[in-house]
$ cat my_file-v1.txt   # compact mmCIF, C-alpha atoms
# COMPACT_ATOMS: atom_id res chain seq x y z
CA PHE Y 7 158.36 87.71 51.96
CA LEU Y 8 156.48 90.36 53.85
CA THR Y 9 158.36 92.87 55.97
CA ASN Y 10 157.13 94.84 58.95
CA ASN Y 11 156.28 97.78 56.68
CA SER Y 12 154.18 95.92 54.11
CA GLY Y 13 151.40 94.54 56.31
CA GLY Y 14 150.74 91.11 57.74
CA TRP Y 15 153.68 91.52 60.06
CA LEU Y 16 151.97 89.97 63.09
CA PHE Y 17 151.72 86.55 61.44
CA SER Y 18 155.27 86.92 60.05
CA ALA Y 19 156.59 87.79 63.51
CA THR Y 20 154.75 84.83 65.02
CA LEU Y 21 156.25 82.41 62.48
CA GLU Y 22 159.71 83.86 62.97
CA TYR Y 23 159.39 83.56 66.76
CA LEU Y 24 158.12 79.98 66.43
CA TYR Y 25 161.00 79.03 64.11
CA LYS Y 26 163.63 80.56 66.42
CA ASN Y 27 162.07 78.95 69.48
CA LEU Y 28 161.98 75.51 67.82
CA ALA Y 29 165.61 75.91 66.69
CA GLU Y 30 166.85 77.07 70.12
CA THR Y 31 165.11 74.25 72.02
CA GLY Y 32 166.39 71.58 69.60
CA ILE Y 33 162.91 70.48 68.61
CA LEU Y 34 163.44 71.61 65.01
CA LYS Y 35 166.50 69.37 64.69
CA LYS Y 36 164.66 66.47 66.34
CA TRP Y 37 161.68 66.80 63.97
CA LYS Y 38 164.02 66.87 60.97
CA GLY Y 39 165.38 63.54 62.13
CA PRO Y 40 168.96 62.26 62.15
CA LYS Y 41 171.11 62.57 59.07
CA PRO Y 42 170.50 59.50 56.88
CA GLU Y 43 173.30 56.96 56.82
CA ASN Y 44 173.20 56.78 53.03
CA GLY Y 45 173.25 60.59 52.79
CA ILE Y 46 169.88 60.73 51.04
CA LEU Y 47 166.95 59.24 52.87
CA GLU Y 48 166.29 57.00 55.83
CA HIS Y 49 163.81 54.55 54.35
CA GLU Y 50 163.87 51.64 56.79
CA ASN Y 51 163.43 53.43 60.12
CA PRO Y 52 162.53 57.08 59.46
CA LYS Y 53 162.48 59.45 62.41
CA ASP Y 54 161.48 62.70 60.72
CA PHE Y 55 158.15 64.48 61.12
CA SER Y 56 157.19 64.00 57.47
CA ARG Y 57 156.82 60.21 57.93
CA PHE Y 58 154.69 60.73 61.03
CA TRP Y 59 152.55 63.27 59.20
CA SER Y 60 152.03 60.86 56.27
CA VAL Y 61 150.75 58.16 58.60
CA ALA Y 62 148.61 60.59 60.58
CA THR Y 63 146.91 62.03 57.49
CA PHE Y 64 146.33 58.56 56.03
CA ILE Y 65 144.66 57.37 59.25
CA PHE Y 66 142.69 60.60 59.44
CA LEU Y 67 141.41 60.24 55.86
CA VAL Y 68 140.48 56.54 55.96
CA PRO Y 69 136.69 56.32 56.29
CA ASP Y 70 135.47 55.23 59.72
CA GLY Y 71 132.60 53.18 58.38
CA ASP Y 72 130.88 52.19 55.19
CA PRO Y 73 130.88 55.29 52.96
CA GLU Y 74 127.63 54.21 51.32
CA GLU Y 75 125.84 54.48 54.66
CA GLU Y 76 127.33 57.89 55.53
CA ALA Y 77 124.16 59.86 54.73
CA LYS Y 78 122.18 57.67 57.12
CA LYS Y 79 124.80 58.04 59.85
CA ARG Y 80 124.90 61.83 59.40
CA SER Y 81 121.14 62.03 59.90
CA GLU Y 82 121.67 60.18 63.20
CA GLY Y 83 124.23 62.78 64.35
CA TRP Y 84 127.49 61.17 63.26
CA VAL Y 85 130.28 63.62 62.38
CA ASP Y 86 133.35 62.75 60.29
CA ASP Y 87 136.87 63.47 61.56
CA ARG Y 88 137.39 66.51 59.34
CA SER Y 89 134.20 68.17 60.57
CA PHE Y 90 134.89 67.22 64.18
CA PHE Y 91 138.51 68.45 64.36
CA GLY Y 92 138.33 71.30 61.84
CA ASP Y 93 141.40 72.64 60.03
CA GLY Y 94 143.55 73.45 63.07
CA TRP Y 95 145.36 70.11 62.93
CA LEU Y 96 146.07 70.66 59.21
CA TRP Y 97 147.44 74.16 59.89
CA ALA Y 98 149.67 72.79 62.67
CA GLY Y 99 151.06 69.87 60.68
CA THR Y 100 151.62 71.89 57.51
CA THR Y 101 153.34 74.65 59.49
CA ILE Y 102 155.70 72.13 61.09
CA LEU Y 103 156.45 70.58 57.67
CA TYR Y 104 157.14 74.05 56.27
CA LEU Y 105 159.35 75.23 59.14
CA THR Y 106 161.37 72.01 59.15
CA GLY Y 107 161.81 72.11 55.36
CA LEU Y 108 160.36 68.60 55.02
CA ILE Y 109 157.46 69.44 52.70
CA HIS Y 110 159.24 68.05 49.62
CA ARG Y 111 160.12 64.80 51.38
CA TYR Y 112 156.54 64.50 52.58
CA ARG Y 113 155.17 64.94 49.08
CA LEU Y 114 157.72 62.53 47.64
CA LEU Y 115 156.91 59.63 49.97
CA ASP Y 116 153.31 60.13 51.09
CA PRO Y 117 151.26 56.97 50.34
CA THR Y 118 147.97 58.83 49.96
CA LEU Y 119 149.47 61.20 47.40
CA TYR Y 120 150.89 58.16 45.61
CA LEU Y 121 147.42 56.56 45.44
CA ASP Y 122 146.00 59.82 44.12
CA LYS Y 123 148.67 60.02 41.41
CA LEU Y 124 148.01 56.42 40.39
CA GLN Y 125 144.28 57.13 40.14
CA ARG Y 126 144.96 60.19 37.98
CA LEU Y 127 147.41 58.36 35.69
CA TYR Y 128 145.49 55.09 35.44
CA PRO Y 129 141.87 55.90 36.30
CA GLU Y 130 139.93 53.08 37.88
CA ASP Y 131 136.16 53.14 38.18
CA LEU Y 132 135.64 53.41 41.93
CA GLU Y 133 131.89 52.92 41.77
CA PRO Y 134 131.03 49.45 43.08
CA LYS Y 135 129.27 47.21 40.59
CA LYS Y 136 125.68 46.40 41.43
CA VAL Y 137 125.45 42.69 42.14
CA LYS Y 138 122.24 40.73 41.75
CA LYS Y 139 121.22 38.69 44.76
CA ARG Y 140 121.99 35.03 44.33
CA ASN Y 141 120.44 31.92 45.67
CA LYS Y 142 122.10 30.37 48.70
CA LYS Y 143 122.85 27.29 46.61
CA GLN Y 144 125.10 29.24 44.23
CA LYS Y 145 128.76 29.04 45.08
CA GLY Y 146 131.37 31.77 44.87
CA GLY Y 147 131.76 35.02 46.73
CA ASP Y 148 131.71 38.67 45.83
CA ASP Y 149 134.88 40.24 44.45
CA PRO Y 150 136.76 41.69 47.46
CA LYS Y 151 138.09 44.53 45.28
CA GLU Y 152 134.55 45.79 44.81
CA ALA Y 153 134.06 46.09 48.57
CA TYR Y 154 137.07 48.42 48.89
CA LYS Y 155 136.12 50.79 46.08
CA PRO Y 156 133.85 53.09 48.17
CA TYR Y 157 136.57 53.38 50.83
CA VAL Y 158 139.28 54.24 48.32
CA LYS Y 159 136.96 56.72 46.59
CA GLN Y 160 136.21 58.53 49.86
CA LEU Y 161 139.88 58.41 50.89
CA LEU Y 162 140.91 60.07 47.62
CA GLN Y 163 138.13 62.67 47.81
CA GLY Y 164 139.25 63.58 51.32
CA TRP Y 165 142.88 63.73 50.14
CA GLN Y 166 142.06 66.04 47.22
CA GLN Y 167 140.24 68.44 49.54
CA MET Y 168 143.08 68.28 52.05
CA GLU Y 169 145.71 68.81 49.33
CA ARG Y 170 143.90 71.97 48.16
CA ASP Y 171 143.79 73.24 51.73
CA GLN Y 172 147.46 72.38 52.28
CA ASP Y 173 148.43 74.28 49.13
CA LEU Y 174 146.53 77.34 50.38
CA ILE Y 175 148.18 77.09 53.79
CA MET Y 176 151.61 76.71 52.16
CA SER Y 177 151.06 79.82 50.02
CA ILE Y 178 150.14 81.82 53.13
CA LEU Y 179 153.18 80.52 55.01
CA LYS Y 180 155.50 81.32 52.08
CA ALA Y 181 154.11 84.84 51.91
CA HIS Y 182 154.88 85.49 55.57
CA PHE Y 183 158.07 83.61 56.38
CA VAL Y 184 160.96 82.03 54.50
CA PRO Y 185 162.92 79.53 56.63
CA GLU Y 186 166.60 78.87 56.11
CA GLN Y 187 167.22 76.71 53.06
CA GLU Y 188 168.83 73.32 53.48
CA PRO Y 189 171.94 72.74 51.39
CA ILE Y 190 171.40 70.52 48.37
CA THR Y 191 173.32 67.27 48.63
CA ARG Y 192 174.72 65.88 45.43
CA PHE Y 193 174.12 62.17 45.12
CA THR Y 194 176.20 59.86 42.98
CA PRO Y 195 174.87 56.29 42.93
CA LYS Y 196 177.39 53.55 43.59
CA TRP Y 197 176.63 51.94 40.24
CA ALA Y 198 177.70 55.17 38.48
CA ASP Y 199 181.18 54.78 40.02
CA GLN Y 200 181.33 51.18 38.82
CA LYS Y 201 180.54 52.19 35.20
CA LYS Y 202 183.60 54.45 35.10
CA LYS Y 203 185.93 51.55 35.92
$ encode --input "my_file-v1.txt" --output "structure tokens"
Amino acid sequence: FLTNNSGGWLFSATLEYLYKNLAETGILKKWKGPKPENGILEHENPKDFSRFWSVATFIFLVPDGDPEEEAKKRSEGWVDDRSFFGDGWLWAGTTILYLTGLIHRYRLLDPTLYLDKLQRLYPEDLEPKKVKKRNKKQKGGDDPKEAYKPYVKQLLQGWQQMERDQDLIMSILKAHFVPEQEPITRFTPKWADQKKK
């Protein structure tokens, strides 16, 4: 954690001011969401910022059109979302996750991160198979899984780039400001109580 005497104090002061302002106005508490009824996690109707951010990043990373035709579209002037919006939205969302202390919950439940982990653990060839053209008389359709492979491949490539950028942003935030730590809640499953009886 940097202090005023060690340099970088302007960014540290800005983060501290932002954190205090969010706490005083109640926005920080609102973004953290209500305390879960089960004491752990609200899974049916989440109200915290980390769930919103998961959905927003997923929608942002899903390809707008056919990824195989992207080069053609770029030559016609098409710009993808990441190039159009830049990294400001990523800085804003990651900063909010960091200040609210929800980064671990986000990483635990993010569907795009889950897909990336599955692909790393059980690699699937995401290159679509080349299909020979068939006569109109032949019956049977193309495998629908093959049609989704380019989309999933581009989604995961975008996620990996975004994850690298998020890690860099997080390291910068950690170097300049340390928010108050949330207390750790001990969880004893109900079935553990039943075993004792």
$ residues_near_point --input "my_file-v1.txt" --point "(169.3, 69.7, 60.3)" --cutoff "10 Å" --atoms "only C-alpha atoms" --output "list in words"
Ala29, Gly32, Leu34, Lys35, Lys36, Trp37, Lys38, Gly39, Pro40, Lys41, Thr106, Gly107, Glu188 and Pro189 of chain Y
$ closest_residue --input "my_file-v1.txt" --among "Y:Ile46, Y:Pro52, Y:Leu132, Y:Leu121" --to "Tyr157 in chain Y" --atoms "only C-alpha atoms"
Y:Leu132
$ residues_around --input "my_file-v1.txt" --residues "Arg57 in chain Y" --least-positions-apart "4" --cutoff "10 Å" --atoms "all atoms listed in the file" --output "PDB file with C-alpha atoms, in the coordinates of the input"
ATOM      1  CA  HIS Y  49     163.810  54.550  54.350  1.00  0.00           C
ATOM      2  CA  ASN Y  51     163.430  53.430  60.120  1.00  0.00           C
ATOM      3  CA  PRO Y  52     162.530  57.080  59.460  1.00  0.00           C
ATOM      4  CA  LYS Y  53     162.480  59.450  62.410  1.00  0.00           C
ATOM      5  CA  VAL Y  61     150.750  58.160  58.600  1.00  0.00           C
ATOM      6  CA  ALA Y  62     148.610  60.590  60.580  1.00  0.00           C
ATOM      7  CA  LEU Y 108     160.360  68.600  55.020  1.00  0.00           C
ATOM      8  CA  ARG Y 111     160.120  64.800  51.380  1.00  0.00           C
ATOM      9  CA  TYR Y 112     156.540  64.500  52.580  1.00  0.00           C
ATOM     10  CA  LEU Y 115     156.910  59.630  49.970  1.00  0.00           C
ATOM     11  CA  ASP Y 116     153.310  60.130  51.090  1.00  0.00           C
ATOM     12  CA  PRO Y 117     151.260  56.970  50.340  1.00  0.00           C
TER      13      PRO Y 117
END
$ atom_distance --input "my_file-v1.txt" --atom1 "CA of Leu67 in chain Y" --atom2 "CA of Asp173 in chain Y"
17.1 Å
$ residues_around --input "my_file-v1.txt" --residues "Arg126 in chain Y" --least-positions-apart "6" --cutoff "12 Å" --atoms "all atoms listed in the file" --output "NGL selection string"
:Y and (119-120 or 162 or 166)
$ atom_distance --input "my_file-v1.txt" --atom1 "CA of Glu152 in chain Y" --atom2 "CA of Glu82 in chain Y"
26.7 Å
$ residues_around --input "my_file-v1.txt" --residues "Pro69 in chain Y" --least-positions-apart "6" --cutoff "12 Å" --atoms "all atoms listed in the file" --output "PyMOL selection string"
chain Y and resi 63+75-76+85-88+154-165
$ closest_residue --input "my_file-v1.txt" --among "Y:Glu30, Y:Phe183, Y:Trp59, Y:Pro150" --to "Gly99 in chain Y" --atoms "all atoms listed in the file"
Y:Trp59
